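Enquirer: Input structure: work-v3.pdb, which contains PDB, N, CA and C atoms.
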```pdb
MODEL        1
ATOM      1  N   MET R   5      39.736  -5.655 -26.504
ATOM      2  CA  MET R   5      39.918  -5.787 -25.078
ATOM      3  C   MET R   5      39.561  -4.453 -24.429
ATOM      4  N   THR R   6      38.677  -4.524 -23.470
ATOM      5  CA  THR R   6      38.267  -3.284 -22.810
ATOM      6  C   THR R   6      38.857  -3.241 -21.417
ATOM      7  N   GLY R   7      39.235  -2.067 -21.028
ATOM      8  CA  GLY R   7      39.795  -1.872 -19.697
ATOM      9  C   GLY R   7      38.696  -1.517 -18.715
ATOM     10  N   PRO R   8      39.102  -1.143 -17.522
ATOM     11  CA  PRO R   8      38.094  -0.742 -16.532
ATOM     12  C   PRO R   8      37.377   0.512 -17.019
ATOM     13  N   PRO R   9      36.121   0.697 -16.592
ATOM     14  CA  PRO R   9      35.384   1.880 -17.028
ATOM     15  C   PRO R   9      36.069   3.152 -16.529
ATOM     16  N   GLU R  10      36.023   4.163 -17.372
ATOM     17  CA  GLU R  10      36.662   5.416 -17.000
ATOM     18  C   GLU R  10      35.833   6.144 -15.964
ATOM     19  N   GLU R  11      36.508   6.693 -14.981
ATOM     20  CA  GLU R  11      35.818   7.465 -13.962
ATOM     21  C   GLU R  11      35.823   8.931 -14.381
ATOM     22  N   PRO R  12      34.728   9.645 -14.116
ATOM     23  CA  PRO R  12      34.716  11.066 -14.458
ATOM     24  C   PRO R  12      35.691  11.824 -13.560
ATOM     25  N   PRO R  13      36.108  12.981 -13.999
ATOM     26  CA  PRO R  13      37.024  13.761 -13.166
ATOM     27  C   PRO R  13      36.396  14.055 -11.810
ATOM     28  N   ARG R  14      37.225  14.249 -10.807
ATOM     29  CA  ARG R  14      36.761  14.465  -9.437
ATOM     30  C   ARG R  14      35.820  15.657  -9.320
ATOM     31  N   SER R  15      36.021  16.680 -10.126
ATOM     32  CA  SER R  15      35.207  17.885  -9.989
ATOM     33  C   SER R  15      33.755  17.625 -10.396
ATOM     34  N   ARG R  16      33.508  16.609 -11.227
ATOM     35  CA  ARG R  16      32.145  16.316 -11.669
ATOM     36  C   ARG R  16      31.417  15.339 -10.762
ATOM     37  N   THR R  17      32.115  14.599  -9.954
ATOM     38  CA  THR R  17      31.458  13.610  -9.103
ATOM     39  C   THR R  17      30.961  14.290  -7.835
ATOM     40  N   PRO R  18      29.738  13.970  -7.425
ATOM     41  CA  PRO R  18      29.247  14.544  -6.177
ATOM     42  C   PRO R  18      30.025  13.980  -4.992
ATOM     43  N   ARG R  19      30.178  14.797  -3.990
ATOM     44  CA  ARG R  19      30.930  14.359  -2.804
ATOM     45  C   ARG R  19      29.965  13.698  -1.827
ATOM     46  N   LEU R  20      29.799  12.415  -1.980
ATOM     47  CA  LEU R  20      28.913  11.646  -1.125
ATOM     48  C   LEU R  20      29.706  10.532  -0.475
ATOM     49  N   GLY R  21      29.281  10.183   0.709
ATOM     50  CA  GLY R  21      29.911   9.059   1.379
ATOM     51  C   GLY R  21      29.470   7.758   0.728
ATOM     52  N   PRO R  22      30.157   6.658   1.019
ATOM     53  CA  PRO R  22      29.808   5.388   0.380
ATOM     54  C   PRO R  22      28.399   4.917   0.740
ATOM     55  N   TRP R  23      27.951   5.192   1.971
ATOM     56  CA  TRP R  23      26.610   4.744   2.363
ATOM     57  C   TRP R  23      25.558   5.489   1.557
ATOM     58  N   LEU R  24      25.707   6.814   1.456
ATOM     59  CA  LEU R  24      24.732   7.620   0.744
ATOM     60  C   LEU R  24      24.763   7.318  -0.751
ATOM     61  N   ARG R  25      25.908   7.062  -1.277
ATOM     62  CA  ARG R  25      26.029   6.741  -2.697
ATOM     63  C   ARG R  25      25.317   5.425  -3.003
ATOM     64  N   SER R  26      25.495   4.437  -2.135
ATOM     65  CA  SER R  26      24.852   3.147  -2.389
ATOM     66  C   SER R  26      23.361   3.196  -2.059
ATOM     67  N   TYR R  27      22.941   4.148  -1.233
ATOM     68  CA  TYR R  27      21.530   4.250  -0.857
ATOM     69  C   TYR R  27      20.673   4.627  -2.059
ATOM     70  N   GLY R  28      21.203   5.418  -2.964
ATOM     71  CA  GLY R  28      20.447   5.848  -4.129
ATOM     72  C   GLY R  28      20.279   4.777  -5.178
ATOM     73  N   LYS R  29      21.073   3.745  -5.133
ATOM     74  CA  LYS R  29      20.975   2.675  -6.123
ATOM     75  C   LYS R  29      19.921   1.669  -5.686
ATOM     76  N   GLY R  30      19.002   1.380  -6.575
ATOM     77  CA  GLY R  30      17.984   0.383  -6.253
ATOM     78  C   GLY R  30      18.560  -1.011  -6.336
ATOM     79  N   GLU R  31      18.114  -1.868  -5.441
ATOM     80  CA  GLU R  31      18.595  -3.242  -5.475
ATOM     81  C   GLU R  31      17.861  -4.003  -6.574
ATOM     82  N   GLN R  32      18.587  -4.757  -7.331
ATOM     83  CA  GLN R  32      18.014  -5.536  -8.409
ATOM     84  C   GLN R  32      17.305  -6.752  -7.819
ATOM     85  N   GLU R  33      16.019  -6.918  -8.169
ATOM     86  CA  GLU R  33      15.302  -8.096  -7.698
ATOM     87  C   GLU R  33      15.786  -9.323  -8.450
ATOM     88  N   SER R  34      15.815 -10.424  -7.749
ATOM     89  CA  SER R  34      16.209 -11.658  -8.414
ATOM     90  C   SER R  34      15.066 -12.133  -9.316
ATOM     91  N   ARG R  35      15.392 -13.027 -10.193
ATOM     92  CA  ARG R  35      14.383 -13.554 -11.122
ATOM     93  C   ARG R  35      13.284 -14.279 -10.345
ATOM     94  N   ARG R  36      13.663 -14.951  -9.282
ATOM     95  CA  ARG R  36      12.685 -15.673  -8.453
ATOM     96  C   ARG R  36      11.704 -14.696  -7.809
ATOM     97  N   GLU R  37      12.226 -13.586  -7.272
ATOM     98  CA  GLU R  37      11.343 -12.603  -6.650
ATOM     99  C   GLU R  37      10.384 -11.996  -7.667
ATOM    100  N   ARG R  38      10.891 -11.702  -8.873
ATOM    101  CA  ARG R  38      10.020 -11.153  -9.912
ATOM    102  C   ARG R  38       8.947 -12.161 -10.308
ATOM    103  N   THR R  39       9.328 -13.443 -10.387
ATOM    104  CA  THR R  39       8.366 -14.481 -10.744
ATOM    105  C   THR R  39       7.290 -14.614  -9.670
ATOM    106  N   VAL R  40       7.699 -14.614  -8.413
ATOM    107  CA  VAL R  40       6.734 -14.735  -7.314
ATOM    108  C   VAL R  40       5.786 -13.541  -7.328
ATOM    109  N   THR R  41       6.316 -12.335  -7.523
ATOM    110  CA  THR R  41       5.480 -11.139  -7.557
ATOM    111  C   THR R  41       4.483 -11.212  -8.704
ATOM    112  N   THR R  42       4.935 -11.662  -9.863
ATOM    113  CA  THR R  42       4.047 -11.780 -11.017
ATOM    114  C   THR R  42       2.968 -12.831 -10.770
ATOM    115  N   LEU R  43       3.340 -13.960 -10.179
ATOM    116  CA  LEU R  43       2.353 -15.005  -9.903
ATOM    117  C   LEU R  43       1.322 -14.557  -8.876
ATOM    118  N   VAL R  44       1.753 -13.850  -7.855
ATOM    119  CA  VAL R  44       0.812 -13.360  -6.842
ATOM    120  C   VAL R  44      -0.151 -12.347  -7.473
ATOM    121  N   GLY R  45       0.380 -11.456  -8.300
ATOM    122  CA  GLY R  45      -0.485 -10.496  -8.985
ATOM    123  C   GLY R  45      -1.464 -11.171  -9.926
ATOM    124  N   GLY R  46      -0.998 -12.172 -10.657
ATOM    125  CA  GLY R  46      -1.885 -12.914 -11.547
ATOM    126  C   GLY R  46      -2.965 -13.667 -10.785
ATOM    127  N   ALA R  47      -2.585 -14.263  -9.665
ATOM    128  CA  ALA R  47      -3.566 -14.990  -8.846
ATOM    129  C   ALA R  47      -4.616 -14.032  -8.288
ATOM    130  N   ALA R  48      -4.187 -12.843  -7.871
ATOM    131  CA  ALA R  48      -5.140 -11.851  -7.367
ATOM    132  C   ALA R  48      -6.099 -11.415  -8.473
ATOM    133  N   ALA R  49      -5.580 -11.230  -9.682
ATOM    134  CA  ALA R  49      -6.432 -10.833 -10.805
ATOM    135  C   ALA R  49      -7.433 -11.931 -11.141
ATOM    136  N   VAL R  50      -6.993 -13.189 -11.138
ATOM    137  CA  VAL R  50      -7.896 -14.304 -11.435
ATOM    138  C   VAL R  50      -8.961 -14.421 -10.348
ATOM    139  N   ALA R  51      -8.569 -14.259  -9.084
ATOM    140  CA  ALA R  51      -9.539 -14.332  -7.991
ATOM    141  C   ALA R  51     -10.559 -13.199  -8.103
ATOM    142  N   PHE R  52     -10.098 -12.000  -8.453
ATOM    143  CA  PHE R  52     -11.013 -10.874  -8.606
ATOM    144  C   PHE R  52     -12.016 -11.143  -9.724
ATOM    145  N   LEU R  53     -11.525 -11.642 -10.855
ATOM    146  CA  LEU R  53     -12.435 -11.946 -11.966
ATOM    147  C   LEU R  53     -13.419 -13.056 -11.596
ATOM    148  N   ALA R  54     -12.964 -14.053 -10.849
ATOM    149  CA  ALA R  54     -13.852 -15.145 -10.437
ATOM    150  C   ALA R  54     -14.961 -14.615  -9.526
ATOM    151  N   VAL R  55     -14.594 -13.748  -8.580
ATOM    152  CA  VAL R  55     -15.608 -13.173  -7.687
ATOM    153  C   VAL R  55     -16.569 -12.292  -8.473
ATOM    154  N   LEU R  56     -16.033 -11.508  -9.398
ATOM    155  CA  LEU R  56     -16.873 -10.640 -10.213
ATOM    156  C   LEU R  56     -17.861 -11.450 -11.052
ATOM    157  N   LEU R  57     -17.374 -12.508 -11.692
ATOM    158  CA  LEU R  57     -18.265 -13.360 -12.475
ATOM    159  C   LEU R  57     -19.278 -14.079 -11.590
ATOM    160  N   GLY R  58     -18.859 -14.496 -10.403
ATOM    161  CA  GLY R  58     -19.791 -15.140  -9.474
ATOM    162  C   GLY R  58     -20.901 -14.200  -9.030
ATOM    163  N   VAL R  59     -20.548 -12.962  -8.733
ATOM    164  CA  VAL R  59     -21.564 -11.989  -8.332
ATOM    165  C   VAL R  59     -22.496 -11.691  -9.500
ATOM    166  N   LEU R  60     -21.939 -11.583 -10.698
ATOM    167  CA  LEU R  60     -22.778 -11.346 -11.877
ATOM    168  C   LEU R  60     -23.738 -12.509 -12.100
ATOM    169  N   TRP R  61     -23.227 -13.732 -11.968
ATOM    170  CA  TRP R  61     -24.089 -14.907 -12.123
ATOM    171  C   TRP R  61     -25.189 -14.926 -11.067
ATOM    172  N   LEU R  62     -24.817 -14.623  -9.823
ATOM    173  CA  LEU R  62     -25.828 -14.566  -8.758
ATOM    174  C   LEU R  62     -26.854 -13.475  -9.026
ATOM    175  N   PHE R  63     -26.387 -12.331  -9.533
ATOM    176  CA  PHE R  63     -27.308 -11.238  -9.802
ATOM    177  C   PHE R  63     -28.300 -11.603 -10.907
ATOM    178  N   VAL R  64     -27.831 -12.306 -11.936
ATOM    179  CA  VAL R  64     -28.733 -12.734 -13.009
ATOM    180  C   VAL R  64     -29.722 -13.766 -12.488
ATOM    181  N   ARG R  65     -29.245 -14.652 -11.619
ATOM    182  CA  ARG R  65     -30.095 -15.733 -11.119
ATOM    183  C   ARG R  65     -31.049 -15.261 -10.015
ATOM    184  N   TYR R  66     -30.506 -14.491  -9.057
ATOM    185  CA  TYR R  66     -31.302 -13.993  -7.925
ATOM    186  C   TYR R  66     -31.039 -12.491  -7.762
ATOM    187  N   PRO R  67     -31.719 -11.647  -8.538
ATOM    188  CA  PRO R  67     -31.354 -10.225  -8.540
ATOM    189  C   PRO R  67     -31.608  -9.500  -7.216
ATOM    190  N   LEU R  68     -32.766  -9.674  -6.613
ATOM    191  CA  LEU R  68     -33.070  -8.893  -5.412
ATOM    192  C   LEU R  68     -32.229  -9.297  -4.195
ATOM    193  N   PRO R  69     -32.077 -10.596  -3.891
ATOM    194  CA  PRO R  69     -31.213 -10.937  -2.753
ATOM    195  C   PRO R  69     -29.745 -10.511  -2.974
ATOM    196  N   THR R  70     -29.267 -10.620  -4.222
ATOM    197  CA  THR R  70     -27.884 -10.224  -4.505
ATOM    198  C   THR R  70     -27.726  -8.726  -4.323
ATOM    199  N   LEU R  71     -28.674  -7.960  -4.840
ATOM    200  CA  LEU R  71     -28.613  -6.508  -4.681
ATOM    201  C   LEU R  71     -28.699  -6.132  -3.205
ATOM    202  N   GLY R  72     -29.558  -6.814  -2.474
ATOM    203  CA  GLY R  72     -29.656  -6.559  -1.032
ATOM    204  C   GLY R  72     -28.353  -6.875  -0.311
ATOM    205  N   GLY R  73     -27.718  -7.968  -0.682
ATOM    206  CA  GLY R  73     -26.437  -8.322  -0.068
ATOM    207  C   GLY R  73     -25.354  -7.310  -0.388
ATOM    208  N   LEU R  74     -25.309  -6.831  -1.641
ATOM    209  CA  LEU R  74     -24.316  -5.828  -2.008
ATOM    210  C   LEU R  74     -24.543  -4.522  -1.254
ATOM    211  N   VAL R  75     -25.809  -4.138  -1.102
ATOM    212  CA  VAL R  75     -26.117  -2.922  -0.341
ATOM    213  C   VAL R  75     -25.741  -3.111   1.126
ATOM    214  N   ALA R  76     -25.955  -4.299   1.661
ATOM    215  CA  ALA R  76     -25.584  -4.563   3.057
ATOM    216  C   ALA R  76     -24.073  -4.493   3.235
ATOM    217  N   VAL R  77     -23.303  -5.073   2.309
ATOM    218  CA  VAL R  77     -21.838  -5.009   2.393
ATOM    219  C   VAL R  77     -21.374  -3.561   2.296
ATOM    220  N   TRP R  78     -21.980  -2.789   1.399
ATOM    221  CA  TRP R  78     -21.637  -1.376   1.267
ATOM    222  C   TRP R  78     -21.948  -0.625   2.561
ATOM    223  N   GLY R  79     -23.107  -0.914   3.156
ATOM    224  CA  GLY R  79     -23.494  -0.240   4.404
ATOM    225  C   GLY R  79     -22.536  -0.552   5.540
ATOM    226  N   VAL R  80     -22.122  -1.803   5.665
ATOM    227  CA  VAL R  80     -21.160  -2.173   6.711
ATOM    228  C   VAL R  80     -19.828  -1.460   6.482
ATOM    229  N   GLY R  81     -19.371  -1.430   5.238
ATOM    230  CA  GLY R  81     -18.118  -0.737   4.934
ATOM    231  C   GLY R  81     -18.197   0.745   5.221
ATOM    232  N   LEU R  82     -19.319   1.368   4.862
ATOM    233  CA  LEU R  82     -19.490   2.798   5.126
ATOM    234  C   LEU R  82     -19.520   3.083   6.623
ATOM    235  N   SER R  83     -20.209   2.242   7.386
ATOM    236  CA  SER R  83     -20.266   2.477   8.831
ATOM    237  C   SER R  83     -18.887   2.311   9.474
ATOM    238  N   ILE R  84     -18.118   1.338   9.026
ATOM    239  CA  ILE R  84     -16.760   1.170   9.553
ATOM    240  C   ILE R  84     -15.911   2.384   9.205
ATOM    241  N   LEU R  85     -16.027   2.869   7.974
ATOM    242  CA  LEU R  85     -15.280   4.057   7.572
ATOM    243  C   LEU R  85     -15.645   5.261   8.421
ATOM    244  N   LEU R  86     -16.926   5.465   8.670
ATOM    245  CA  LEU R  86     -17.355   6.623   9.463
ATOM    246  C   LEU R  86     -16.878   6.519  10.909
ATOM    247  N   VAL R  87     -16.921   5.315  11.488
ATOM    248  CA  VAL R  87     -16.450   5.135  12.862
ATOM    249  C   VAL R  87     -14.948   5.400  12.955
ATOM    250  N   LYS R  88     -14.191   4.886  12.004
ATOM    251  CA  LYS R  88     -12.741   5.111  12.030
ATOM    252  C   LYS R  88     -12.420   6.588  11.842
ATOM    253  N   ARG R  89     -13.134   7.256  10.965
ATOM    254  CA  ARG R  89     -12.904   8.684  10.737
ATOM    255  C   ARG R  89     -13.226   9.493  11.996
ATOM    256  N   GLN R  90     -14.327   9.148  12.672
ATOM    257  CA  GLN R  90     -14.698   9.852  13.894
ATOM    258  C   GLN R  90     -13.658   9.623  14.996
ATOM    259  N   ARG R  91     -13.183   8.387  15.126
ATOM    260  CA  ARG R  91     -12.156   8.111  16.139
ATOM    261  C   ARG R  91     -10.871   8.872  15.851
ATOM    262  N   ALA R  92     -10.470   8.952  14.593
ATOM    263  CA  ALA R  92      -9.265   9.695  14.229
ATOM    264  C   ALA R  92      -9.450  11.180  14.518
ATOM    265  N   ARG R  93     -10.638  11.706  14.229
ATOM    266  CA  ARG R  93     -10.907  13.117  14.508
ATOM    267  C   ARG R  93     -10.838  13.397  16.016
ATOM    268  N   LEU R  94     -11.437  12.517  16.826
ATOM    269  CA  LEU R  94     -11.390  12.702  18.280
ATOM    270  C   LEU R  94      -9.969  12.573  18.811
ATOM    271  N   ARG R  95      -9.206  11.623  18.275
ATOM    272  CA  ARG R  95      -7.822  11.455  18.710
ATOM    273  C   ARG R  95      -6.996  12.694  18.376
ATOM    274  N   ASP R  96      -7.199  13.261  17.193
ATOM    275  CA  ASP R  96      -6.481  14.484  16.824
ATOM    276  C   ASP R  96      -6.883  15.656  17.709
ATOM    277  N   GLU R  97      -8.167  15.738  18.036
ATOM    278  CA  GLU R  97      -8.634  16.832  18.906
ATOM    279  C   GLU R  97      -8.037  16.701  20.299
ATOM    280  N   LEU R  98      -8.014  15.490  20.840
ATOM    281  CA  LEU R  98      -7.420  15.291  22.166
ATOM    282  C   LEU R  98      -5.922  15.579  22.142
ATOM    283  N   ARG R  99      -5.260  15.191  21.080
ATOM    284  CA  ARG R  99      -3.827  15.464  20.958
ATOM    285  C   ARG R  99      -3.586  16.970  20.867
ATOM    286  N   ARG R 100      -4.456  17.658  20.149
ATOM    287  CA  ARG R 100      -4.320  19.102  20.022
ATOM    288  C   ARG R 100      -4.514  19.788  21.375
ATOM    289  N   ARG R 101      -5.425  19.260  22.184
ATOM    290  CA  ARG R 101      -5.659  19.833  23.513
ATOM    291  C   ARG R 101      -4.676  19.285  24.549
ATOM    292  N   SER R 102      -3.767  18.465  24.136
ATOM    293  CA  SER R 102      -2.742  17.858  24.996
ATOM    294  C   SER R 102      -3.335  16.977  26.091
ATOM    295  N   LEU R 103      -4.461  16.394  25.836
ATOM    296  CA  LEU R 103      -5.059  15.478  26.803
ATOM    297  C   LEU R 103      -4.651  14.037  26.544
ATOM    298  N   LEU R 104      -4.094  13.814  25.394
ATOM    299  CA  LEU R 104      -3.662  12.458  25.037
ATOM    300  C   LEU R 104      -2.162  12.458  24.862
ATOM    301  N   ARG R 105      -1.523  11.511  25.523
ATOM    302  CA  ARG R 105      -0.073  11.417  25.366
ATOM    303  C   ARG R 105       0.275  11.016  23.955
ATOM    304  N   PRO R 106       1.410  11.481  23.445
ATOM    305  CA  PRO R 106       1.804  11.058  22.098
ATOM    306  C   PRO R 106       2.064   9.564  22.069
ATOM    307  N   GLU R 107       1.802   8.965  20.911
ATOM    308  CA  GLU R 107       1.985   7.522  20.756
ATOM    309  C   GLU R 107       3.467   7.181  20.864
ATOM    310  N   ARG R 108       3.745   6.093  21.562
ATOM    311  CA  ARG R 108       5.127   5.637  21.678
ATOM    312  C   ARG R 108       5.443   4.772  20.474
ATOM    313  N   ARG R 109       6.542   5.076  19.829
ATOM    314  CA  ARG R 109       6.963   4.272  18.675
ATOM    315  C   ARG R 109       8.158   3.441  19.097
ATOM    316  N   GLU R 110       8.013   2.153  18.964
ATOM    317  CA  GLU R 110       9.088   1.256  19.399
ATOM    318  C   GLU R 110       9.707   0.574  18.240
TER     319      GLU R 110
ENDMDL
END
```
Output the structure of this file as structure tokens.
Expert:
Amino acid sequence: MTGPPEEPPRSRTPRLGPWLRSYGKGEQESRRERTVTTLVGGAAAVAFLAVLLGVLWLFVRYPLPTLGGLVAVWGVGLSILLVKRQRARLRDELRRRSLLRPERRE
């Protein structure tokens, strides 16, 4: 027969409030949440492999149009990245010069 767990002496326990003490403990995910997370990850992996195999099949069947399409997708992504980077740089410069009001966080 086991009794309640022994508590360490007061001098060894950190002096934390109940909120802060419970904040450090991670919440245990339920089995359902773990299952859903695993299924979503597995579905994403299967979808990625399907797209990868589809692109490979297209490349073997039609190499030049597939390569052209991949280069076009890369070009669109690069242009979006450059535009976003330029906008962020301009926003930071305006904020530094105090011409732009700080963003309101609600």
Enquirer: Measure the distance from atom C of R:Glu97 to atom C of R:Gly81 in Å and round it to one decimal.
Expert: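 Atom C of R:Gly81 lies at a distance of 24.2 Å from atom C of R:Glu97.
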Enquirer: Quick check, in Å to one decimal: how far apart do atom N of R:Arg65 and atom N of R:Trp78 lie?
Expert: 19.1 Å
Enquirer: Between atom N of R:Leu57 and atom N of R:Thr70, measure the distance and give it in Å to one decimal.
Expert: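 Interatomic distance here is 14.2 Å.
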Enquirer: Set up a box along x, y and z of the file covering all listed atoms of stretch 89-95 of chain R, add 3 Å on every one of the six sides, and write the centre and edge lengths in Å to one decimal, as JSON.
Expert:
```
{"center_x": -10.8, "center_y": 10.3, "center_z": 14.8, "size_x": 13.7, "size_y": 12.1, "size_z": 14.1}
```
Enquirer: Limit the output to N, CA and C atoms and give stretch 74-88 of chain R as a compact mmCIF listing (two decimals), in the first residue's frame.
Expert:
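Below you can see part-v2.txt, which holds the result:
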```txt
# COMPACT_ATOMS: atom_id res chain seq x y z
N LEU R 74 7.94 24.31 -64.43
CA LEU R 74 8.63 24.41 -63.15
C LEU R 74 9.42 25.71 -63.05
N VAL R 75 10.05 26.11 -64.15
CA VAL R 75 10.78 27.39 -64.15
C VAL R 75 9.80 28.55 -63.98
N ALA R 76 8.64 28.46 -64.59
CA ALA R 76 7.64 29.52 -64.45
C ALA R 76 7.14 29.61 -63.01
N VAL R 77 6.87 28.47 -62.37
CA VAL R 77 6.44 28.48 -60.96
C VAL R 77 7.53 29.06 -60.08
N TRP R 78 8.78 28.69 -60.34
CA TRP R 78 9.90 29.24 -59.58
C TRP R 78 10.00 30.75 -59.77
N GLY R 79 9.83 31.21 -61.01
CA GLY R 79 9.90 32.65 -61.29
C GLY R 79 8.81 33.43 -60.58
N VAL R 80 7.59 32.90 -60.58
CA VAL R 80 6.49 33.57 -59.87
C VAL R 80 6.78 33.63 -58.37
N GLY R 81 7.26 32.53 -57.82
CA GLY R 81 7.59 32.51 -56.39
C GLY R 81 8.70 33.48 -56.05
N LEU R 82 9.73 33.55 -56.89
CA LEU R 82 10.83 34.48 -56.65
C LEU R 82 10.35 35.93 -56.73
N SER R 83 9.51 36.23 -57.71
CA SER R 83 9.03 37.61 -57.83
C SER R 83 8.16 38.00 -56.63
N ILE R 84 7.34 37.09 -56.15
CA ILE R 84 6.53 37.37 -54.96
C ILE R 84 7.43 37.60 -53.76
N LEU R 85 8.46 36.77 -53.61
CA LEU R 85 9.40 36.94 -52.50
C LEU R 85 10.10 38.29 -52.57
N LEU R 86 10.54 38.69 -53.75
CA LEU R 86 11.24 39.97 -53.88
C LEU R 86 10.32 41.15 -53.59
N VAL R 87 9.06 41.08 -54.05
CA VAL R 87 8.11 42.16 -53.79
C VAL R 87 7.82 42.27 -52.29
N LYS R 88 7.62 41.14 -51.64
CA LYS R 88 7.35 41.17 -50.19
C LYS R 88 8.56 41.70 -49.43
```
